[in-house]
Amino acid sequence: MIDKVSSSLPVYAVLVSLIAIIPIVLNDKRPNLREFFSILAAVIKFLIIVNIYFLVKDGKIIEYQLVEFFPGLSIKFKVDTLGIFFALMASFLWILTTFYSIGYMRDGGEKNQTRFYAFFALSMSATVGAAFSGNLLTLYIFYEIITFSTYPLVAHKQTKEAIEGAHRYLAYLLITSVLFFMPAMIYVYLKTGSLEFSSLGLFTNYIGGKLVITSVLLMFVFGSAKAAVMPFHLWLPSAMVAPTPVSALLHAVAVVKTGVFVVIRVFLHIFGVDFLKNFSYSEVVSILAAFTIIVASMVALRQDNIKSRLAYSTISQLSYIVLAVSLLSDKAVIGSIMHIVAHGFAKITLFFWAGAIYVASHKTKVSELNGIAKSMPLTMFAFTIGAISMIGFPPMGGFVSKWYIANGGVESGNLWILIVLLVSALLNAGYFVPIFIRAYFNKAEEDGHNEEASPFMVVPMLLTAILTIVLFFYPDIFLQLAVNTVDLHGGGR
């Protein structure tokens with residue numbers, strides 16, 4: 001029997017960065033103080049989450065209900081191993097991204113920096129709220145808050161291109177959530193009388209047709225468009241008009257990870273693995289995810305703009321997570337959860353790399369990177385680590401998650417998954433290796449620069465690169481949380 005504890009710690013974890021917006025805004029003319037409060041909020045949030053982790057890792061589940069509207073319909077926090085997994089990664093990377101942002105925003109001479117830090121803090125409050133949501137309604141509310149709080153970040157530069165990209169970003173995410181996610185959520189409540197997360201799922205007594213459940217499952221996947229499963233993926237390349245720290249936030253920490261987190265929650269704790277497995281409801285999701293993995297990688301091959309190439313890489317990598325959880329085997333689900341953190345560390349490294357290249361040399365295209373490793377060796381070292389992890393080679397964290405996904409494919413009898421992983425790895429190499437060759441082996445252009453970016457940018461980038469290696473050799477903290485999450489046969493939750 002799992003020990004449930006009532007505690008307001010999840011509320012504090014959400015509120016701390018929300019409260020920090022006040023001193024951030026009040027210190028608009030004092031950038032040092034403004035950035036101090038940004039860092040302070042990030043550190044305090046992380047420490048609160050670490051405190052929660054030590055409770056959850058011992059088998060406890062923390063609950064705190066804010067308000068109940070009807071039986072089974074409430075706004076509620078609930079921290080389990082899956083939630084703390086996501087929150088630990090997001091809050092830790094937020095600290096590093098905040099330091100990185102200081103270097104990027106100052107060295108790049110960005111305007112409206114106070115607004116940037118304020119919405120940055122708001123988006124992290126919403127992300128932790130999503131991680132600690134105790135039911136589908138609460139998760140949906142924080143999902144939408146993330147959309148609205150990141151919209152001003154995408155539109156930050158206020159150029160025509162930035163505003164158009166931000167409008168497209170907002171339209172895609174709002175329309176999909178309203179047309180797909182909300183009706184699917186209403187269906188679940190009407191059929192089961194609850195939106196509470198349960199390791200058994202809510203459909204244990206369901207009697208109905210396969211077509212209906214498959215359709216509702218797809219509505220959740222498409223309604224969670226932040227997961228960028230094709231054809232609802234185009235918001236992501238559009239969002240690349242944002243400053244690089246925002247891209248890092250979108251692609252490694254908050255937005256896309258919330259999307260795949262929602263998908264995992266729905267599979268494991270709304271429908272339930274046993275229910276989906278018994279009736280083969282998730283096969284169509286597996287096919288869509290595999291299609292996205294391959295096609296997005298092929299599109300990435302053709303992108304000369306650095307951030308566009310990374311954007312399509314993200315679309316592909318996110319579908320590894322969706323594909324893995326849809327296989328419904330123990331190892332595949334572990335792999336899907338582990339790939340959240342493996343991709344998070346590696347992809348944030350790559351976006352930090354792209355931002356450092358832009359700030360130091362104003363280069364934005366792959367074709368402009370000839371010989372840049374000579375003048376920016378530390379930056380290219382970080383890129384190399386992140387790229388190898390994305391491809392899935394050891395000794396990088398990406399190998400760990402993909403190893404579990406491959407084994408999950410074998411365990412579930414879906415051997416075709418191995419072909420998808422192999423082809424995808426080759427395509428990943430196809431769009432990363434040319435960057436490596438240009439930077440290390442081609443002759444530098446005559447107008448090349450001779451220095452790295454600010455230490456505020458380089459140090460966080462090197463740390464995330466090193467952590468990508470550490471995740472391979474010491475995966476225990478995250479791996480144990482992932483293993484504990486895989487409770488396919490109940491457990492009293």
# chains A, B, ... in the order shown; residues from 1 in each chain; ligands from 1
>>> residues_around(residues="range 92-106 of chain A", least_positions_apart="2", cutoff="10 Å", atoms="only C-alpha atoms", output="short mmCIF file (atom, residue, chain, number, x, y, z; two decimals) with all heavy atoms, in the first residue's frame")
data_model
loop_
_atom_site.label_atom_id
_atom_site.label_comp_id
_atom_site.auth_asym_id
_atom_site.auth_seq_id
_atom_site.Cartn_x
_atom_site.Cartn_y
_atom_site.Cartn_z
N PRO A 31 19.33 45.90 -13.58
CA PRO A 31 19.44 44.55 -14.17
C PRO A 31 20.13 43.54 -13.27
O PRO A 31 19.76 42.36 -13.28
CB PRO A 31 20.24 44.80 -15.46
CG PRO A 31 20.88 46.13 -15.29
CD PRO A 31 19.98 46.92 -14.43
N ASN A 32 21.11 43.96 -12.49
CA ASN A 32 21.79 43.01 -11.61
C ASN A 32 20.82 42.43 -10.58
O ASN A 32 20.82 41.21 -10.32
CB ASN A 32 22.97 43.67 -10.91
CG ASN A 32 24.12 43.97 -11.84
OD1 ASN A 32 24.23 43.37 -12.91
ND2 ASN A 32 24.97 44.91 -11.47
N GLU A 35 18.18 40.13 -12.31
CA GLU A 35 18.71 38.80 -12.63
C GLU A 35 19.01 38.00 -11.37
O GLU A 35 18.89 36.77 -11.36
CB GLU A 35 19.96 38.96 -13.51
CG GLU A 35 19.60 39.47 -14.91
CD GLU A 35 20.72 40.22 -15.59
OE1 GLU A 35 21.83 40.25 -15.03
OE2 GLU A 35 20.47 40.77 -16.68
N PHE A 36 19.35 38.70 -10.29
CA PHE A 36 19.56 38.02 -9.00
C PHE A 36 18.28 37.34 -8.56
O PHE A 36 18.29 36.18 -8.13
CB PHE A 36 20.02 39.03 -7.94
CG PHE A 36 19.93 38.49 -6.53
CD1 PHE A 36 20.89 37.61 -6.04
CD2 PHE A 36 18.87 38.86 -5.70
CE1 PHE A 36 20.80 37.10 -4.76
CE2 PHE A 36 18.78 38.36 -4.41
CZ PHE A 36 19.74 37.48 -3.94
N SER A 38 15.83 36.39 -10.45
CA SER A 38 15.54 35.30 -11.37
C SER A 38 16.30 34.04 -10.96
O SER A 38 15.73 32.93 -10.92
CB SER A 38 15.94 35.70 -12.80
OG SER A 38 15.16 36.77 -13.27
N ILE A 39 17.58 34.22 -10.64
CA ILE A 39 18.40 33.07 -10.22
C ILE A 39 17.94 32.54 -8.87
O ILE A 39 17.83 31.32 -8.66
CB ILE A 39 19.88 33.48 -10.17
CG1 ILE A 39 20.39 33.80 -11.58
CG2 ILE A 39 20.73 32.37 -9.54
CD1 ILE A 39 21.76 34.46 -11.60
N LEU A 40 17.64 33.46 -7.95
CA LEU A 40 17.21 33.05 -6.61
C LEU A 40 15.93 32.21 -6.68
O LEU A 40 15.82 31.16 -6.02
CB LEU A 40 16.97 34.29 -5.74
CG LEU A 40 16.53 34.02 -4.29
CD1 LEU A 40 17.63 33.29 -3.53
CD2 LEU A 40 16.16 35.34 -3.60
N ALA A 41 14.98 32.64 -7.49
CA ALA A 41 13.73 31.89 -7.63
C ALA A 41 13.99 30.50 -8.21
O ALA A 41 13.40 29.51 -7.76
CB ALA A 41 12.76 32.66 -8.52
N ALA A 42 14.88 30.44 -9.19
CA ALA A 42 15.21 29.14 -9.81
C ALA A 42 15.83 28.20 -8.80
O ALA A 42 15.48 27.01 -8.73
CB ALA A 42 16.14 29.36 -10.99
N VAL A 43 16.75 28.71 -7.99
CA VAL A 43 17.43 27.87 -6.99
C VAL A 43 16.46 27.41 -5.90
O VAL A 43 16.46 26.23 -5.52
CB VAL A 43 18.62 28.64 -6.38
CG1 VAL A 43 19.22 27.85 -5.20
CG2 VAL A 43 19.70 28.89 -7.43
N ILE A 44 15.64 28.34 -5.39
CA ILE A 44 14.68 27.97 -4.34
C ILE A 44 13.69 26.93 -4.86
O ILE A 44 13.37 25.95 -4.17
CB ILE A 44 13.93 29.22 -3.83
CG1 ILE A 44 14.90 30.15 -3.08
CG2 ILE A 44 12.78 28.81 -2.91
CD1 ILE A 44 14.28 31.46 -2.66
N LYS A 45 13.20 27.12 -6.09
CA LYS A 45 12.28 26.15 -6.68
C LYS A 45 12.93 24.77 -6.75
O LYS A 45 12.31 23.76 -6.37
CB LYS A 45 11.85 26.60 -8.08
CG LYS A 45 10.85 25.65 -8.73
CD LYS A 45 10.56 26.06 -10.16
CE LYS A 45 9.72 27.30 -10.24
NZ LYS A 45 8.32 27.07 -9.83
N PHE A 46 14.17 24.73 -7.20
CA PHE A 46 14.86 23.44 -7.32
C PHE A 46 15.04 22.78 -5.95
O PHE A 46 14.82 21.57 -5.81
CB PHE A 46 16.22 23.65 -7.99
CG PHE A 46 17.04 22.39 -8.10
CD1 PHE A 46 16.64 21.36 -8.95
CD2 PHE A 46 18.20 22.23 -7.36
CE1 PHE A 46 17.39 20.19 -9.06
CE2 PHE A 46 18.95 21.06 -7.46
CZ PHE A 46 18.54 20.05 -8.31
N LEU A 47 15.39 23.56 -4.93
CA LEU A 47 15.59 23.01 -3.60
C LEU A 47 14.29 22.45 -3.01
O LEU A 47 14.28 21.41 -2.35
CB LEU A 47 16.19 24.07 -2.66
CG LEU A 47 17.63 24.50 -2.98
CD1 LEU A 47 18.07 25.61 -2.04
CD2 LEU A 47 18.59 23.32 -2.90
N ILE A 49 11.85 21.24 -4.79
CA ILE A 49 11.57 20.02 -5.55
C ILE A 49 12.48 18.88 -5.09
O ILE A 49 12.04 17.72 -5.02
CB ILE A 49 11.69 20.30 -7.06
CG1 ILE A 49 10.52 21.20 -7.50
CG2 ILE A 49 11.70 19.00 -7.86
CD1 ILE A 49 10.64 21.72 -8.90
N VAL A 50 13.73 19.19 -4.77
CA VAL A 50 14.62 18.16 -4.22
C VAL A 50 14.07 17.62 -2.91
O VAL A 50 14.09 16.41 -2.64
CB VAL A 50 16.04 18.72 -4.02
CG1 VAL A 50 16.91 17.76 -3.19
CG2 VAL A 50 16.71 18.97 -5.37
N ALA A 87 9.72 17.27 -12.95
CA ALA A 87 10.00 18.51 -12.22
C ALA A 87 11.48 18.67 -11.89
O ALA A 87 12.02 19.78 -11.96
CB ALA A 87 9.17 18.56 -10.95
N LEU A 88 12.13 17.59 -11.52
CA LEU A 88 13.57 17.64 -11.23
C LEU A 88 14.36 18.12 -12.43
O LEU A 88 15.20 19.02 -12.33
CB LEU A 88 14.09 16.26 -10.81
CG LEU A 88 14.07 15.89 -9.34
CD1 LEU A 88 14.53 14.45 -9.16
CD2 LEU A 88 14.95 16.83 -8.51
N MET A 89 14.08 17.51 -13.59
CA MET A 89 14.81 17.90 -14.79
C MET A 89 14.53 19.35 -15.17
O MET A 89 15.45 20.13 -15.43
CB MET A 89 14.41 16.99 -15.95
CG MET A 89 15.16 17.29 -17.24
SD MET A 89 14.30 16.78 -18.73
CE MET A 89 12.95 17.96 -18.80
N ALA A 90 13.25 19.73 -15.18
CA ALA A 90 12.88 21.08 -15.62
C ALA A 90 13.45 22.15 -14.69
O ALA A 90 13.98 23.17 -15.16
CB ALA A 90 11.36 21.20 -15.69
N GLY A 108 23.86 40.11 -26.49
CA GLY A 108 23.11 40.32 -27.72
C GLY A 108 22.38 41.64 -27.76
O GLY A 108 21.76 41.97 -28.78
N GLY A 109 22.43 42.41 -26.66
CA GLY A 109 21.77 43.71 -26.61
C GLY A 109 20.27 43.62 -26.81
O GLY A 109 19.65 44.51 -27.42
N GLU A 110 19.65 42.56 -26.28
CA GLU A 110 18.21 42.35 -26.46
C GLU A 110 17.41 43.41 -25.70
O GLU A 110 17.77 43.80 -24.59
CB GLU A 110 17.81 40.96 -25.98
CG GLU A 110 18.38 39.82 -26.81
CD GLU A 110 17.68 39.66 -28.15
OE1 GLU A 110 16.56 40.19 -28.31
OE2 GLU A 110 18.28 39.02 -29.04
N LYS A 111 16.31 43.85 -26.29
CA LYS A 111 15.41 44.80 -25.64
C LYS A 111 14.38 44.04 -24.79
O LYS A 111 14.23 42.83 -24.89
CB LYS A 111 14.69 45.64 -26.69
CG LYS A 111 15.63 46.49 -27.54
CD LYS A 111 14.86 47.27 -28.58
CE LYS A 111 15.81 48.12 -29.44
NZ LYS A 111 15.06 48.87 -30.49
N ASN A 112 13.68 44.78 -23.94
CA ASN A 112 12.59 44.24 -23.13
C ASN A 112 13.01 43.02 -22.30
O ASN A 112 12.30 42.02 -22.21
CB ASN A 112 11.40 43.86 -24.02
CG ASN A 112 10.88 45.03 -24.82
OD1 ASN A 112 10.62 46.10 -24.27
ND2 ASN A 112 10.75 44.85 -26.12
N GLN A 113 14.18 43.14 -21.66
CA GLN A 113 14.70 42.01 -20.90
C GLN A 113 13.87 41.72 -19.65
O GLN A 113 13.73 40.57 -19.25
CB GLN A 113 16.17 42.26 -20.53
CG GLN A 113 17.09 42.29 -21.74
CD GLN A 113 18.55 42.36 -21.35
OE1 GLN A 113 18.96 41.91 -20.30
NE2 GLN A 113 19.36 42.95 -22.24
N PHE A 116 11.03 39.63 -20.59
CA PHE A 116 11.53 38.29 -20.86
C PHE A 116 11.64 37.48 -19.57
O PHE A 116 11.12 36.37 -19.47
CB PHE A 116 12.90 38.39 -21.54
CG PHE A 116 13.63 37.08 -21.65
CD1 PHE A 116 13.43 36.25 -22.73
CD2 PHE A 116 14.53 36.67 -20.66
CE1 PHE A 116 14.10 35.03 -22.83
CE2 PHE A 116 15.19 35.48 -20.74
CZ PHE A 116 14.98 34.65 -21.84
N TYR A 117 12.31 38.03 -18.56
CA TYR A 117 12.51 37.28 -17.32
C TYR A 117 11.20 37.04 -16.58
O TYR A 117 11.02 36.00 -15.92
CB TYR A 117 13.50 38.02 -16.42
CG TYR A 117 14.93 37.94 -16.90
CD1 TYR A 117 15.60 39.05 -17.41
CD2 TYR A 117 15.63 36.74 -16.84
CE1 TYR A 117 16.90 38.98 -17.87
CE2 TYR A 117 16.94 36.65 -17.30
CZ TYR A 117 17.57 37.77 -17.81
OH TYR A 117 18.86 37.68 -18.27
N PHE A 120 9.40 34.31 -18.44
CA PHE A 120 10.24 33.13 -18.25
C PHE A 120 9.89 32.46 -16.92
O PHE A 120 9.71 31.24 -16.84
CB PHE A 120 11.71 33.56 -18.29
CG PHE A 120 12.67 32.46 -18.61
CD1 PHE A 120 12.75 31.94 -19.89
CD2 PHE A 120 13.53 31.96 -17.65
CE1 PHE A 120 13.65 30.94 -20.20
CE2 PHE A 120 14.44 30.96 -17.94
CZ PHE A 120 14.50 30.45 -19.23
N ALA A 121 9.77 33.28 -15.86
CA ALA A 121 9.42 32.77 -14.54
C ALA A 121 8.01 32.20 -14.53
O ALA A 121 7.75 31.14 -13.94
CB ALA A 121 9.56 33.87 -13.49
N MET A 124 7.81 28.74 -16.05
CA MET A 124 8.34 27.67 -15.21
C MET A 124 7.39 27.33 -14.07
O MET A 124 7.32 26.18 -13.64
CB MET A 124 9.72 28.04 -14.68
CG MET A 124 10.84 27.85 -15.69
SD MET A 124 10.80 26.24 -16.53
CE MET A 124 10.93 25.13 -15.13
N PRO A 243 14.28 34.30 -29.21
CA PRO A 243 15.68 34.26 -28.79
C PRO A 243 16.08 32.84 -28.40
O PRO A 243 15.24 32.05 -27.95
CB PRO A 243 15.71 35.20 -27.57
CG PRO A 243 14.53 36.08 -27.74
CD PRO A 243 13.48 35.26 -28.42
N THR A 244 17.35 32.52 -28.52
CA THR A 244 17.82 31.16 -28.28
C THR A 244 17.50 30.63 -26.88
O THR A 244 17.15 29.45 -26.74
CB THR A 244 19.33 31.06 -28.55
OG1 THR A 244 19.56 31.42 -29.92
CG2 THR A 244 19.82 29.64 -28.35
N PRO A 245 17.61 31.42 -25.80
CA PRO A 245 17.21 30.87 -24.49
C PRO A 245 15.75 30.42 -24.47
O PRO A 245 15.42 29.46 -23.78
CB PRO A 245 17.43 32.05 -23.54
CG PRO A 245 18.45 32.90 -24.19
CD PRO A 245 18.17 32.78 -25.67
N VAL A 246 14.90 31.11 -25.24
CA VAL A 246 13.51 30.70 -25.33
C VAL A 246 13.40 29.38 -26.10
O VAL A 246 12.64 28.48 -25.72
CB VAL A 246 12.66 31.79 -26.01
CG1 VAL A 246 11.21 31.32 -26.19
CG2 VAL A 246 12.71 33.07 -25.21
N ALA A 248 15.64 27.12 -26.22
CA ALA A 248 16.09 26.09 -25.28
C ALA A 248 14.98 25.73 -24.31
O ALA A 248 14.76 24.55 -24.00
CB ALA A 248 17.33 26.58 -24.53
N LEU A 249 14.27 26.74 -23.82
CA LEU A 249 13.15 26.52 -22.91
C LEU A 249 12.05 25.72 -23.60
O LEU A 249 11.49 24.77 -23.04
CB LEU A 249 12.60 27.85 -22.43
CG LEU A 249 11.40 27.80 -21.47
CD1 LEU A 249 11.86 27.45 -20.07
CD2 LEU A 249 10.66 29.14 -21.46
N ALA A 252 13.69 21.94 -24.75
CA ALA A 252 14.35 21.02 -23.83
C ALA A 252 13.71 20.98 -22.45
O ALA A 252 13.88 19.99 -21.74
CB ALA A 252 15.83 21.41 -23.69
N VAL A 253 13.01 22.02 -22.06
CA VAL A 253 12.56 22.10 -20.68
C VAL A 253 11.04 22.12 -20.57
O VAL A 253 10.42 21.19 -20.05
CB VAL A 253 13.14 23.35 -19.98
CG1 VAL A 253 12.76 23.36 -18.51
CG2 VAL A 253 14.66 23.40 -20.13
N ALA A 254 10.40 23.16 -21.04
CA ALA A 254 9.00 23.40 -20.69
C ALA A 254 8.00 22.87 -21.71
O ALA A 254 7.28 21.91 -21.44
CB ALA A 254 8.78 24.90 -20.47
N GLY A 344 16.41 16.09 -23.03
CA GLY A 344 16.47 17.40 -22.39
C GLY A 344 17.90 17.90 -22.25
O GLY A 344 18.22 19.04 -22.63
N PHE A 345 18.79 17.08 -21.70
CA PHE A 345 20.19 17.49 -21.51
C PHE A 345 20.88 17.74 -22.85
O PHE A 345 21.61 18.72 -23.02
CB PHE A 345 20.96 16.41 -20.74
CG PHE A 345 20.64 16.36 -19.27
CD1 PHE A 345 20.96 15.24 -18.51
CD2 PHE A 345 20.01 17.41 -18.63
CE1 PHE A 345 20.67 15.19 -17.15
CE2 PHE A 345 19.71 17.37 -17.29
CZ PHE A 345 20.05 16.26 -16.54
N ILE A 348 19.16 20.83 -24.99
CA ILE A 348 19.43 22.16 -24.45
C ILE A 348 20.90 22.52 -24.71
O ILE A 348 21.22 23.68 -24.95
CB ILE A 348 19.09 22.24 -22.94
CG1 ILE A 348 18.85 23.71 -22.55
CG2 ILE A 348 20.18 21.62 -22.06
CD1 ILE A 348 18.25 23.88 -21.16
N PHE A 352 21.99 25.83 -26.67
CA PHE A 352 23.00 26.71 -26.08
C PHE A 352 24.14 26.92 -27.08
O PHE A 352 24.67 28.03 -27.21
CB PHE A 352 23.56 26.09 -24.80
CG PHE A 352 22.64 26.19 -23.61
CD1 PHE A 352 22.97 25.55 -22.41
CD2 PHE A 352 21.48 26.94 -23.64
CE1 PHE A 352 22.15 25.66 -21.30
CE2 PHE A 352 20.65 27.05 -22.54
CZ PHE A 352 20.98 26.40 -21.36
N GLY A 355 23.04 29.37 -29.78
CA GLY A 355 23.03 30.74 -29.28
C GLY A 355 24.42 31.31 -29.11
O GLY A 355 24.66 32.49 -29.39
N ALA A 356 25.36 30.47 -28.65
CA ALA A 356 26.74 30.93 -28.48
C ALA A 356 27.35 31.28 -29.84
O ALA A 356 28.07 32.29 -29.97
CB ALA A 356 27.57 29.85 -27.80
N TYR A 358 25.70 32.31 -32.45
CA TYR A 358 25.07 33.53 -32.94
C TYR A 358 25.63 34.78 -32.24
O TYR A 358 25.95 35.77 -32.90
CB TYR A 358 23.56 33.45 -32.73
CG TYR A 358 22.84 34.73 -33.07
CD1 TYR A 358 22.65 35.12 -34.39
CD2 TYR A 358 22.37 35.57 -32.05
CE1 TYR A 358 22.00 36.30 -34.70
CE2 TYR A 358 21.72 36.75 -32.35
CZ TYR A 358 21.54 37.11 -33.67
OH TYR A 358 20.91 38.30 -33.97
N VAL A 359 25.73 34.72 -30.92
CA VAL A 359 26.20 35.88 -30.17
C VAL A 359 27.67 36.19 -30.49
O VAL A 359 28.05 37.36 -30.64
CB VAL A 359 26.00 35.66 -28.66
CG1 VAL A 359 26.75 36.72 -27.85
CG2 VAL A 359 24.53 35.69 -28.31
N ALA A 360 28.49 35.16 -30.60
CA ALA A 360 29.92 35.38 -30.82
C ALA A 360 30.27 35.70 -32.27
O ALA A 360 31.21 36.46 -32.53
CB ALA A 360 30.71 34.14 -30.37
N ALA A 453 31.99 32.71 -26.70
CA ALA A 453 30.96 33.59 -26.15
C ALA A 453 31.23 33.84 -24.67
O ALA A 453 32.20 33.33 -24.10
CB ALA A 453 29.58 32.98 -26.37
N SER A 454 30.37 34.60 -24.03
CA SER A 454 30.49 34.93 -22.62
C SER A 454 30.53 33.67 -21.76
O SER A 454 29.87 32.67 -22.07
CB SER A 454 29.31 35.80 -22.19
OG SER A 454 29.13 35.78 -20.80
N PRO A 455 31.31 33.69 -20.66
CA PRO A 455 31.30 32.54 -19.72
C PRO A 455 29.90 32.22 -19.20
O PRO A 455 29.61 31.07 -18.87
CB PRO A 455 32.21 33.02 -18.58
CG PRO A 455 33.13 34.01 -19.22
CD PRO A 455 32.31 34.70 -20.26
N PHE A 456 29.02 33.24 -19.11
CA PHE A 456 27.64 32.99 -18.70
C PHE A 456 26.95 32.02 -19.65
O PHE A 456 26.02 31.30 -19.26
CB PHE A 456 26.84 34.30 -18.67
CG PHE A 456 26.98 35.06 -17.39
CD1 PHE A 456 27.81 36.18 -17.33
CD2 PHE A 456 26.31 34.67 -16.25
CE1 PHE A 456 27.95 36.89 -16.16
CE2 PHE A 456 26.44 35.37 -15.07
CZ PHE A 456 27.27 36.49 -15.01
N MET A 457 27.41 31.98 -20.90
CA MET A 457 26.83 31.08 -21.90
C MET A 457 27.61 29.78 -22.01
O MET A 457 27.03 28.70 -22.11
CB MET A 457 26.78 31.79 -23.26
CG MET A 457 25.97 33.07 -23.26
SD MET A 457 25.99 33.92 -24.85
CE MET A 457 25.00 32.81 -25.85
N VAL A 458 28.93 29.88 -21.97
CA VAL A 458 29.78 28.71 -22.20
C VAL A 458 29.70 27.72 -21.04
O VAL A 458 29.60 26.50 -21.24
CB VAL A 458 31.23 29.13 -22.46
CG1 VAL A 458 32.15 27.90 -22.53
CG2 VAL A 458 31.33 29.94 -23.74
N VAL A 459 29.73 28.23 -19.80
CA VAL A 459 29.74 27.33 -18.64
C VAL A 459 28.47 26.48 -18.55
O VAL A 459 28.55 25.26 -18.39
CB VAL A 459 30.00 28.11 -17.34
CG1 VAL A 459 29.83 27.21 -16.12
CG2 VAL A 459 31.40 28.71 -17.35
N PRO A 460 27.25 27.07 -18.64
CA PRO A 460 26.06 26.22 -18.63
C PRO A 460 26.04 25.21 -19.77
O PRO A 460 25.59 24.07 -19.59
CB PRO A 460 24.91 27.23 -18.78
CG PRO A 460 25.45 28.51 -18.25
CD PRO A 460 26.90 28.51 -18.65
N MET A 461 26.53 25.62 -20.93
CA MET A 461 26.57 24.72 -22.08
C MET A 461 27.49 23.53 -21.82
O MET A 461 27.15 22.37 -22.13
CB MET A 461 27.04 25.50 -23.31
CG MET A 461 27.19 24.69 -24.58
SD MET A 461 27.53 25.77 -25.98
CE MET A 461 29.00 26.66 -25.40
N LEU A 463 28.29 22.38 -18.86
CA LEU A 463 27.69 21.58 -17.79
C LEU A 463 26.63 20.62 -18.33
O LEU A 463 26.59 19.44 -17.96
CB LEU A 463 27.07 22.49 -16.72
CG LEU A 463 28.04 23.14 -15.74
CD1 LEU A 463 27.31 24.13 -14.85
CD2 LEU A 463 28.74 22.08 -14.88
N THR A 464 25.77 21.11 -19.22
CA THR A 464 24.74 20.23 -19.77
C THR A 464 25.37 19.15 -20.66
O THR A 464 24.88 18.02 -20.70
CB THR A 464 23.69 21.02 -20.58
OG1 THR A 464 24.33 21.82 -21.58
CG2 THR A 464 22.88 21.93 -19.65
#
>>> residues_around(residues="Leu26 in chain A", least_positions_apart="4", cutoff="12 Å", atoms="only C-alpha atoms", output="MDAnalysis selection string")
chainID A and resid 19:22 30:31 33:35 37 114:115 117:118
>>> write_last_selection(atoms="C-alpha atoms", output="compact mmCIF listing (two decimals), in the first residue's frame")
# COMPACT_ATOMS: atom_id res chain seq x y z
CA ILE A 19 6.10 35.50 -6.66
CA ALA A 20 9.54 36.30 -8.07
CA ILE A 21 7.87 38.15 -10.96
CA ILE A 22 7.14 41.04 -8.59
CA ARG A 30 18.47 47.53 -11.99
CA PRO A 31 19.44 44.55 -14.17
CA LEU A 33 19.01 42.82 -9.01
CA ARG A 34 16.48 41.69 -11.61
CA GLU A 35 18.71 38.80 -12.63
CA PHE A 37 15.88 37.43 -8.25
CA THR A 114 12.48 42.53 -17.85
CA ARG A 115 9.46 41.26 -19.75
CA TYR A 117 12.51 37.28 -17.32
CA ALA A 118 8.97 37.82 -16.00
>>> residues_around(residues="Ile75 in chain A", least_positions_apart="2", cutoff="7 Å", atoms="only C-alpha atoms", output="NGL selection string")
:A and (65-68 or 137-138)
>>> residues_around(residues="Leu179 in chain A", least_positions_apart="2", cutoff="12 Å", atoms="only C-alpha atoms", output="list in words")
Ala171, Tyr172, Leu173, Leu174, Ile175, Thr176, Ser177, Phe181, Met182, Pro183, Ala184, Met185, Ile186, Val216, Leu218, Met219, Phe220, Val221, Phe222, Gly223, Ser224 and Ala225 of chain A
>>> select_by_dssp(residues="range 112-211 of chain A", states="alpha helix (DSSP H)", output="JSON, numbers by chain")
{"A": [113, 114, 115, 116, 117, 118, 119, 120, 121, 122, 123, 124, 125, 126, 127, 128, 129, 130, 131, 136, 137, 138, 139, 140, 141, 142, 143, 144, 145, 146, 147, 148, 149, 150, 151, 152, 153, 154, 160, 161, 162, 163, 164, 165, 166, 167, 168, 169, 170, 171, 172, 173, 174, 175, 176, 182, 183, 184, 185, 186, 187, 188, 189, 190, 191, 192, 210, 211]}
